[in-house]
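Below is my_file-v3.txt, holding compact mmCIF, C-alpha atoms (C1' of nucleotides).
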# COMPACT_ATOMS: atom_id res chain seq x y z
CA MET A 542 -132.72 -46.99 -193.91
CA HIS A 543 -131.16 -49.66 -191.76
CA ALA A 544 -129.19 -48.66 -188.68
CA PHE A 545 -125.98 -49.97 -190.20
CA ASP A 546 -126.50 -47.92 -193.34
CA VAL A 547 -126.94 -44.86 -191.20
CA LEU A 548 -123.68 -45.59 -189.42
CA GLY A 549 -121.95 -46.24 -192.72
CA ASP A 550 -121.38 -42.53 -193.24
CA PRO A 551 -118.48 -40.96 -191.35
CA VAL A 552 -120.25 -37.62 -191.04
CA ARG A 553 -123.18 -39.23 -189.28
CA ARG A 554 -120.91 -41.19 -187.00
CA ARG A 555 -119.15 -37.97 -186.09
CA VAL A 556 -122.44 -36.22 -185.34
CA LEU A 557 -123.37 -39.00 -182.94
CA GLU A 558 -119.99 -38.67 -181.27
CA LEU A 559 -120.56 -34.96 -180.84
CA LEU A 560 -123.89 -35.60 -179.19
CA VAL A 561 -122.30 -37.80 -176.56
CA ALA A 562 -121.24 -34.55 -174.93
CA GLY A 563 -124.88 -33.54 -174.67
CA GLU A 564 -127.51 -31.58 -176.53
CA GLN A 565 -126.19 -29.49 -179.42
CA SER A 566 -127.85 -27.08 -181.79
CA SER A 567 -127.87 -27.67 -185.51
CA GLY A 568 -125.56 -24.69 -185.87
CA GLU A 569 -123.00 -26.03 -183.44
CA ILE A 570 -122.99 -29.40 -185.13
CA THR A 571 -122.79 -27.81 -188.54
CA ALA A 572 -119.81 -25.69 -187.54
CA VAL A 573 -117.79 -28.70 -186.44
CA ILE A 574 -118.75 -30.86 -189.41
CA ARG A 575 -118.03 -28.10 -191.89
CA GLU A 576 -114.67 -27.63 -190.28
CA GLU A 577 -113.80 -31.31 -190.31
CA PHE A 578 -115.41 -32.52 -193.52
CA GLY A 579 -115.75 -29.38 -195.58
CA ILE A 580 -119.35 -29.90 -196.57
CA SER A 581 -122.12 -27.32 -196.82
CA GLN A 582 -124.83 -26.45 -194.30
CA PRO A 583 -127.54 -28.21 -196.30
CA GLY A 584 -125.27 -31.23 -196.49
CA VAL A 585 -125.12 -31.41 -192.73
CA SER A 586 -128.84 -30.78 -192.46
CA GLN A 587 -129.52 -33.75 -194.71
CA HIS A 588 -127.43 -35.99 -192.50
CA LEU A 589 -129.34 -34.72 -189.49
CA ARG A 590 -132.54 -35.60 -191.28
CA VAL A 591 -131.34 -39.14 -191.86
CA LEU A 592 -130.39 -39.46 -188.22
CA ARG A 593 -133.81 -38.12 -187.20
CA GLU A 594 -135.75 -40.43 -189.46
CA ALA A 595 -133.75 -43.42 -188.34
CA GLY A 596 -134.42 -42.54 -184.71
CA PHE A 597 -130.80 -41.93 -183.74
CA VAL A 598 -131.49 -38.41 -182.56
CA THR A 599 -134.37 -36.30 -181.38
CA VAL A 600 -134.87 -32.60 -181.83
CA ARG A 601 -136.18 -29.92 -179.52
CA VAL A 602 -137.31 -26.58 -180.88
CA ASP A 603 -135.65 -23.76 -179.01
CA GLY A 604 -136.68 -20.44 -180.50
CA PRO A 605 -135.11 -20.29 -183.93
CA ARG A 606 -132.74 -23.13 -183.07
CA ARG A 607 -133.09 -26.87 -183.19
CA GLN A 608 -131.44 -28.66 -180.32
CA TYR A 609 -130.39 -32.20 -181.15
CA SER A 610 -129.79 -34.95 -178.66
CA LEU A 611 -128.98 -38.61 -178.77
CA LEU A 612 -131.42 -41.49 -178.71
CA THR A 613 -130.12 -44.91 -177.92
CA GLU A 614 -132.55 -47.40 -179.36
CA PRO A 615 -130.92 -47.83 -182.79
CA LEU A 616 -127.51 -48.01 -181.21
CA GLN A 617 -128.78 -50.66 -178.87
CA GLU A 618 -130.10 -52.55 -181.84
CA VAL A 619 -126.67 -52.46 -183.44
CA ASP A 620 -125.14 -53.49 -180.17
CA ALA A 621 -127.58 -56.36 -179.90
CA TRP A 622 -126.66 -57.61 -183.34
CA LEU A 623 -123.03 -57.42 -182.42
CA ALA A 624 -123.66 -59.36 -179.26
CA GLN A 625 -123.89 -62.68 -181.06
CA PHE A 626 -120.24 -62.31 -182.07
CA ARG A 627 -118.84 -61.29 -178.73
CA SER A 628 -118.29 -64.84 -177.62
CA PHE A 629 -115.64 -65.05 -180.32
CA TRP A 630 -113.33 -62.60 -178.68
CA GLY A 631 -113.89 -63.65 -175.14
CA GLN A 632 -116.94 -64.00 -172.91
CA ARG A 633 -115.35 -61.59 -170.54
CA LEU A 634 -115.67 -58.63 -172.83
CA ASP A 635 -119.35 -57.86 -172.50
CA ALA A 636 -118.85 -57.88 -168.79
CA LEU A 637 -116.06 -55.41 -169.34
CA GLY A 638 -118.38 -53.26 -171.40
CA THR A 639 -120.77 -53.30 -168.53
CA GLU A 640 -118.02 -52.19 -166.23
CA LEU A 641 -117.34 -49.28 -168.50
CA ALA A 642 -120.72 -47.90 -167.66
CA ARG A 643 -120.60 -45.06 -165.26
CA GLY A 644 -122.52 -46.95 -162.63
CA LYS A 645 -119.37 -48.63 -161.55
CA ARG A 646 -118.21 -45.66 -159.61
CA GLU A 647 -120.13 -46.76 -156.58
CA ARG A 648 -118.67 -50.16 -156.34
CA ARG A 649 -115.29 -48.84 -157.20
CA ARG A 650 -114.74 -47.69 -153.67
CA ARG A 651 -115.56 -51.05 -152.25
CA GLU A 652 -113.49 -52.94 -154.72
CA GLU A 653 -110.58 -50.64 -154.66
CA ALA A 654 -108.34 -53.09 -152.92
CA ALA A 655 -109.53 -56.04 -154.93
CA ARG A 656 -109.01 -54.10 -158.10
CA LYS A 657 -105.31 -53.89 -157.66
CA ALA A 658 -105.05 -57.61 -157.23
CA GLY A 659 -107.58 -58.71 -159.84
CA ARG A 660 -106.88 -56.27 -162.62
CA ALA A 661 -106.15 -58.22 -165.77
CA GLU A 662 -106.13 -55.78 -168.65
CA ASP A 663 -107.45 -52.58 -170.18
CA ASP A 664 -108.00 -49.20 -168.72
CA ASP A 665 -111.21 -47.60 -167.59
CA ASP A 666 -110.53 -44.15 -168.93
CA ASN A 667 -112.91 -43.89 -171.81
CA ASP A 668 -113.72 -40.22 -171.57
CA VAL A 669 -114.80 -39.04 -174.99
CA SER A 670 -114.77 -35.28 -174.94
CA GLY A 671 -117.17 -33.21 -172.97
CA ALA A 672 -116.48 -33.13 -169.28
CA ALA A 673 -118.53 -30.12 -168.29
CA ALA A 674 -121.90 -31.38 -169.43
CA GLY A 675 -124.64 -31.54 -166.92
CA MET B 588 -114.04 -49.82 -197.22
CA HIS B 589 -114.90 -48.97 -193.66
CA ALA B 590 -116.16 -51.67 -191.32
CA PHE B 591 -119.54 -49.99 -191.04
CA ASP B 592 -119.92 -49.87 -194.80
CA VAL B 593 -119.22 -53.58 -194.94
CA LEU B 594 -121.92 -54.20 -192.35
CA GLY B 595 -124.30 -51.94 -194.22
CA ASP B 596 -125.28 -54.76 -196.55
CA PRO B 597 -127.78 -57.33 -195.22
CA VAL B 598 -126.25 -60.12 -197.27
CA ARG B 599 -122.87 -59.58 -195.66
CA ARG B 600 -124.37 -59.39 -192.20
CA ARG B 601 -126.12 -62.66 -192.84
CA VAL B 602 -122.91 -64.31 -194.03
CA LEU B 603 -121.22 -63.30 -190.81
CA GLU B 604 -124.11 -64.74 -188.86
CA LEU B 605 -123.76 -68.01 -190.73
CA LEU B 606 -120.09 -68.18 -189.87
CA VAL B 607 -120.86 -67.95 -186.17
CA ALA B 608 -121.76 -71.63 -186.46
CA GLY B 609 -118.24 -72.35 -187.68
CA GLU B 610 -116.29 -72.73 -190.87
CA GLN B 611 -118.42 -72.94 -194.02
CA SER B 612 -117.57 -73.47 -197.66
CA SER B 613 -118.38 -70.90 -200.28
CA GLY B 614 -120.94 -73.30 -201.67
CA GLU B 615 -122.75 -73.75 -198.38
CA ILE B 616 -122.87 -70.03 -197.81
CA THR B 617 -124.01 -69.43 -201.36
CA ALA B 618 -126.82 -71.95 -201.04
CA VAL B 619 -128.27 -70.23 -197.98
CA ILE B 620 -127.88 -66.72 -199.35
CA ARG B 621 -129.38 -67.63 -202.67
CA GLU B 622 -132.30 -69.15 -200.85
CA GLU B 623 -132.87 -66.19 -198.59
CA PHE B 624 -131.99 -63.28 -200.85
CA GLY B 625 -132.38 -64.67 -204.31
CA ILE B 626 -129.09 -63.39 -205.68
CA SER B 627 -126.70 -65.17 -208.01
CA GLN B 628 -123.54 -67.12 -207.16
CA PRO B 629 -121.25 -64.35 -208.44
CA GLY B 630 -123.20 -61.94 -206.29
CA VAL B 631 -122.45 -63.96 -203.19
CA SER B 632 -118.84 -64.36 -204.25
CA GLN B 633 -118.46 -60.59 -204.53
CA HIS B 634 -119.77 -60.14 -201.03
CA LEU B 635 -117.31 -62.76 -199.83
CA ARG B 636 -114.58 -60.80 -201.52
CA VAL B 637 -115.58 -57.63 -199.73
CA LEU B 638 -115.61 -59.49 -196.43
CA ARG B 639 -112.18 -60.92 -197.18
CA GLU B 640 -110.64 -57.62 -198.15
CA ALA B 641 -112.07 -55.91 -195.11
CA GLY B 642 -110.64 -58.61 -192.87
CA PHE B 643 -113.97 -59.92 -191.59
CA VAL B 644 -113.30 -63.44 -192.79
CA THR B 645 -110.40 -65.65 -193.71
CA VAL B 646 -110.33 -68.41 -196.29
CA ARG B 647 -108.72 -71.84 -196.28
CA VAL B 648 -108.26 -73.77 -199.51
CA ASP B 649 -109.66 -77.27 -199.20
CA GLY B 650 -109.28 -79.09 -202.49
CA PRO B 651 -111.64 -77.40 -204.91
CA ARG B 652 -113.49 -75.69 -202.05
CA ARG B 653 -112.87 -72.51 -200.15
CA GLN B 654 -113.62 -72.75 -196.47
CA TYR B 655 -114.53 -69.45 -194.89
CA SER B 656 -114.31 -68.61 -191.22
CA LEU B 657 -114.84 -65.57 -189.07
CA LEU B 658 -112.24 -63.07 -187.98
CA THR B 659 -113.04 -60.77 -185.11
CA GLU B 660 -110.84 -57.76 -185.46
CA PRO B 661 -113.17 -55.57 -187.53
CA LEU B 662 -116.10 -56.53 -185.36
CA GLN B 663 -114.12 -55.57 -182.32
CA GLU B 664 -113.38 -52.28 -183.97
CA VAL B 665 -117.08 -51.66 -184.42
CA ASP B 666 -117.69 -52.74 -180.88
CA ALA B 667 -115.05 -50.33 -179.66
CA TRP B 668 -116.69 -47.44 -181.47
CA LEU B 669 -120.01 -48.37 -179.99
CA ALA B 670 -118.52 -48.50 -176.51
CA GLN B 671 -118.53 -44.75 -176.15
CA PHE B 672 -122.33 -44.79 -176.28
CA ARG B 673 -122.97 -47.65 -173.90
CA SER B 674 -123.09 -45.46 -170.84
CA PHE B 675 -126.24 -43.94 -172.31
CA TRP B 676 -128.35 -47.02 -172.03
CA GLY B 677 -127.40 -48.31 -168.66
CA GLN B 678 -125.31 -50.93 -167.03
CA ARG B 679 -127.14 -54.23 -167.42
CA LEU B 680 -127.49 -54.03 -171.12
CA ASP B 681 -125.34 -56.94 -172.22
CA ALA B 682 -127.86 -59.55 -171.09
CA LEU B 683 -130.74 -57.62 -172.59
CA GLY B 684 -128.74 -57.10 -175.73
CA THR B 685 -128.31 -60.82 -176.14
CA GLU B 686 -132.04 -61.33 -175.86
CA LEU B 687 -132.71 -58.62 -178.39
CA ALA B 688 -130.25 -60.18 -180.79
CA ARG B 689 -131.97 -63.52 -180.66
CA GLY B 690 -135.41 -62.10 -181.29
CA LYS B 691 -134.31 -59.71 -183.97
CA ARG B 692 -132.42 -62.37 -185.79
CA GLU B 693 -135.46 -64.48 -186.36
CA ARG B 694 -137.55 -61.49 -187.23
CA ARG B 695 -134.97 -60.29 -189.67
CA ARG B 696 -135.01 -63.53 -191.58
CA ARG B 697 -138.68 -63.17 -192.21
CA GLU B 698 -138.32 -59.59 -193.29
CA GLU B 699 -135.57 -60.33 -195.71
CA ALA B 700 -137.27 -63.41 -197.00
CA ALA B 701 -140.30 -61.27 -197.62
CA ARG B 702 -138.12 -58.73 -199.32
CA LYS B 703 -136.73 -61.26 -201.73
CA ALA B 704 -140.20 -62.62 -202.37
CA GLY B 705 -141.21 -59.27 -203.73
CA ARG B 706 -141.27 -56.02 -201.90
CA ALA B 707 -144.18 -53.88 -202.91
CA GLU B 708 -143.31 -51.01 -200.64
CA ASP B 709 -140.98 -49.90 -197.95
CA ASP B 710 -141.28 -51.59 -194.60
CA ASP B 711 -142.23 -49.17 -191.89
CA ASP B 712 -141.91 -51.16 -188.71
CA ASN B 713 -139.68 -48.47 -187.34
CA ASP B 714 -141.81 -46.78 -184.72
CA VAL B 715 -139.05 -44.54 -183.51
CA SER B 716 -138.96 -42.14 -186.41
CA GLY B 717 -139.76 -38.67 -185.28
CA ALA B 718 -142.11 -36.41 -187.10
CA ALA B 719 -140.14 -33.32 -187.87
CA ALA B 720 -141.40 -30.26 -186.11
CA GLY B 721 -142.85 -27.90 -188.55
C1' DT C 1089 -144.42 -4.92 -192.23
C1' DG C 1090 -139.98 -5.93 -193.50
C1' DC C 1091 -135.25 -7.56 -192.23
C1' DT C 1092 -132.05 -10.96 -190.38
C1' DC C 1093 -130.67 -15.21 -188.25
C1' DA C 1094 -131.17 -20.23 -187.98
C1' DT C 1095 -132.40 -24.21 -190.26
C1' DA C 1096 -134.83 -27.14 -193.49
C1' DT C 1097 -136.28 -28.51 -198.16
C1' DA C 1098 -136.06 -28.85 -203.35
C1' DA C 1099 -133.90 -29.99 -207.64
C1' DG C 1100 -130.10 -31.56 -210.14
C1' DT C 1101 -125.73 -34.08 -210.72
C1' DG C 1102 -121.93 -37.35 -210.24
C1' DA C 1103 -119.92 -41.39 -208.05
C1' DG C 1104 -120.05 -45.79 -206.00
C1' DC C 1105 -122.21 -50.09 -204.95
C1' DG C 1106 -124.80 -54.32 -205.91
C1' DT C 1107 -126.44 -57.10 -209.40
C1' DT C 1108 -126.19 -60.08 -213.52
C1' DG C 1109 -124.46 -63.09 -217.44
C1' DA C 1110 -120.45 -64.66 -219.33
C1' DT C 1111 -116.16 -66.47 -218.55
C1' DA C 1112 -111.78 -68.03 -216.38
C1' DC C 1113 -109.27 -70.84 -213.19
C1' DA C 1114 -108.35 -74.97 -210.32
C1' DA C 1115 -109.06 -79.70 -208.72
C1' DA C 1116 -110.75 -84.38 -209.32
C1' DG C 1117 -112.21 -88.24 -212.10
C1' DG C 1118 -112.80 -91.01 -216.26
C1' DC D 131 -106.67 -85.62 -222.73
C1' DC D 132 -111.71 -83.89 -221.76
C1' DT D 133 -115.43 -83.21 -218.62
C1' DT D 134 -117.50 -82.00 -214.33
C1' DT D 135 -117.66 -79.51 -210.05
C1' DG D 136 -116.53 -75.48 -207.20
C1' DT D 137 -115.50 -70.83 -207.06
C1' DA D 138 -113.64 -66.36 -208.51
C1' DT D 139 -113.33 -62.48 -211.80
C1' DC D 140 -114.86 -59.32 -215.61
C1' DA D 141 -117.72 -55.91 -218.01
C1' DA D 142 -121.77 -53.49 -218.02
C1' DC D 143 -125.89 -51.48 -216.18
C1' DG D 144 -129.21 -49.42 -212.98
C1' DC D 145 -130.14 -47.45 -208.75
C1' DT D 146 -129.27 -45.23 -204.56
C1' DC D 147 -126.93 -41.88 -201.98
C1' DA D 148 -124.23 -37.75 -200.85
C1' DC D 149 -123.20 -33.40 -202.37
C1' DT D 150 -124.18 -28.65 -204.28
C1' DT D 151 -126.80 -24.31 -205.27
C1' DA D 152 -131.00 -22.03 -204.74
C1' DT D 153 -134.97 -21.24 -202.08
C1' DA D 154 -138.53 -21.77 -198.41
C1' DT D 155 -140.03 -21.55 -193.52
C1' DG D 156 -140.20 -19.63 -189.12
C1' DA D 157 -138.68 -16.95 -184.98
C1' DG D 158 -137.09 -12.54 -183.13
C1' DC D 159 -136.68 -7.69 -183.59
C1' DA D 160 -137.12 -2.77 -185.24
Give the structure from the file, written as structure tokens.
Amino acid sequence: MHAFDVLGDPVRRRVLELLVAGEQSSGEITAVIREEFGISQPGVSQHLRVLREAGFVTVRVDGPRRQYSLLTEPLQEVDAWLAQFRSFWGQRLDALGTELARGKRERRRREEAARKAGRAEDDDDNDVSGAAAG
Amino acid sequence: MHAFDVLGDPVRRRVLELLVAGEQSSGEITAVIREEFGISQPGVSQHLRVLREAGFVTVRVDGPRRQYSLLTEPLQEVDAWLAQFRSFWGQRLDALGTELARGKRERRRREEAARKAGRAEDDDDNDVSGAAAG
DNA sequence: TGCTCATATAAGTGAGCGTTGATACAAAGG
DNA sequence: CCTTTGTATCAACGCTCACTTATATGAGCA
């Protein structure tokens, strides 16, 4: 199954979003998905299987539980495909995407003054959900 | 139809790639797609319809021809969704991503050409797939 | 050994998507 | 007018995919 087919399903996209916050057990994921989409436990398990087989997630056996976490390679592949279109909405955007990475915090201090002057658009607050991870 | 569902089809992805080079008539697009995927003219036209209705392309009437060109909003939407995962694969990724896109694009053409030529079995070049524990 | 929790797999079913052949619509030319 | 060229739409069919219920597997515990 192609990466884009995997991402075609809203349940699977949501699972990936959940895993941004860090490792989650099958049960935790299932609880949220059941709540939000109203599908059964085997339904969620099947989606997890698709994500596993497509390399979007990896699983760690933890006693009776399966702990899922995110892998980035397929997402990078999607991102790479998308890259060829970025020039259409401005060459500046991929640089912005780079800025969004958390590594910017270091330079932030140094550029604090320059930032006020040079700030053109957008905000850097892209916090997704989990703040207490790690 | 969600943007990711639209991108789930390889024919539609290829059409978008073709339009990166600029405006193309339905006939030009159809010629390439027929060549590469071996589907009929109505088949291509249906894909163009999906792309139109999802806002990925716009059409300009030019005598008897329809000139298609790229719109970026849905692609930006996809890009925005993807943004929340970028922090996972590091800061310098945009340059690498461009490289990946170029290589993949050529590779993909061969794969899909092979597919149209007659696929005996499923391609398994995906080395990331995890063997389920058990 | 048997019971329970946590999760995966199997089998069956219904819906949606992609494909095709036939056809319709529009523009240009004789 | 009729024909040709370019493109879209229609109806029908097959296949894949997502969902469900039922069941299997495996770990922990008494």
Please build the interface table for chain A against chain B with a cut-off of 6 Å, listing for each qualifying residue the nearest atom pair and the distance in Å to one decimal; count only C-alpha atoms, order rows by chain and increasing number, and write it as a Markdown table.
| residue | atom | partner | partner_atom | distance |
| --- | --- | --- | --- | --- |
| A:Phe545 | CA | B:Gly595 | CA | 4.8 |
| A:Asp546 | CA | B:Gly595 | CA | 4.7 |
| A:Gly549 | CA | B:Asp592 | CA | 4.7 |
| A:Glu594 | CA | B:Ser716 | CA | 4.7 |
| A:Ala595 | CA | B:Ser716 | CA | 5.7 |
| A:Gly596 | CA | B:Ser716 | CA | 4.9 |
| A:Ala621 | CA | B:Gly684 | CA | 4.4 |
| A:Trp622 | CA | B:Ala688 | CA | 5.1 |
| A:Ala624 | CA | B:Thr685 | CA | 5.8 |
| A:Thr639 | CA | B:Gln678 | CA | 5.3 |
| A:Ala642 | CA | B:Ser674 | CA | 4.7 |
(message) Using all atoms listed in the file, I'd like every residue of chain C that has an atom within 12 Å of chain A; please write them out as a PyMOL selection string.
(response) chain C and resi 1092-1098
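Between atom CA of Leu605 of chain B and atom CA of Gln654 of chain B the interatomic distance comes to 12.6 Å.
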(request) Pick out the chain D residues within 10 Å of chain B. Count all atoms listed in the file. Give them as a ChimeraX atom specification. (result) /D:135-139,155-156
(message) Here is a test: counting only C-alpha atoms (C1' of nucleotides), which residue of D:DG144, D:DT134, D:DC149, D:DA154 is nearest to DG1100 of chain C?
(response) D:DC149
(request) Work out how far apart atom C1' of DT1101 of chain C and atom C1' of DA142 of chain D are and give it in Å to one decimal. (result)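 If I compute the distance from atom C1' of DT1101 of chain C to atom C1' of DA142 of chain D, I get 21.1 Å.
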(request) Please provide as an MDAnalysis selection string all residues within 10 Å of DC1105 of chain C, with the sequence filter that same-chain residues fewer than 6 positions apart are discarded (counting only C-alpha atoms (C1' of nucleotides)). (result) chainID D and resid 145:147
(request) Tell me, as a PyMOL selection string, which residues lie within 8 Å of segment 1106-1112 of chain C, counting all atoms listed in the file; anything in the same chain fewer than 5 positions away does not count. (result) (chain B and resi 626-627+630) or (chain D and resi 139-140)
Please dump the current selection as a PDB file, keeping the file's coordinate frame; keep C-alpha atoms (C1' of nucleotides).
ATOM      1  CA  ILE B 626    -129.090 -63.390-205.680  1.00  0.00           C
ATOM      2  CA  SER B 627    -126.700 -65.170-208.010  1.00  0.00           C
ATOM      3  CA  GLY B 630    -123.200 -61.940-206.290  1.00  0.00           C
TER       4      GLY B 630
ATOM      5  C1'  DT D 139    -113.330 -62.480-211.800  1.00  0.00           C
ATOM      6  C1'  DC D 140    -114.860 -59.320-215.610  1.00  0.00           C
TER       7       DC D 140
END
(request) Could you tell me how far atom CA of Val644 of chain B lies from atom CA of Ile620 of chain B, in Å and to one decimal? (result)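 A separation of 16.3 Å between them.
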Please write out, as lines of an AutoDock Vina configuration file, where the centre of an axis-aligned box around all listed atoms of segment 636-644 of chain B lies and how long its edges are, in Å to one decimal, after adding 4 Å on each side.
center_x = -113.1
center_y = -59.7
center_z = -196.6
size_x = 13.0
size_y = 15.5
size_z = 17.9
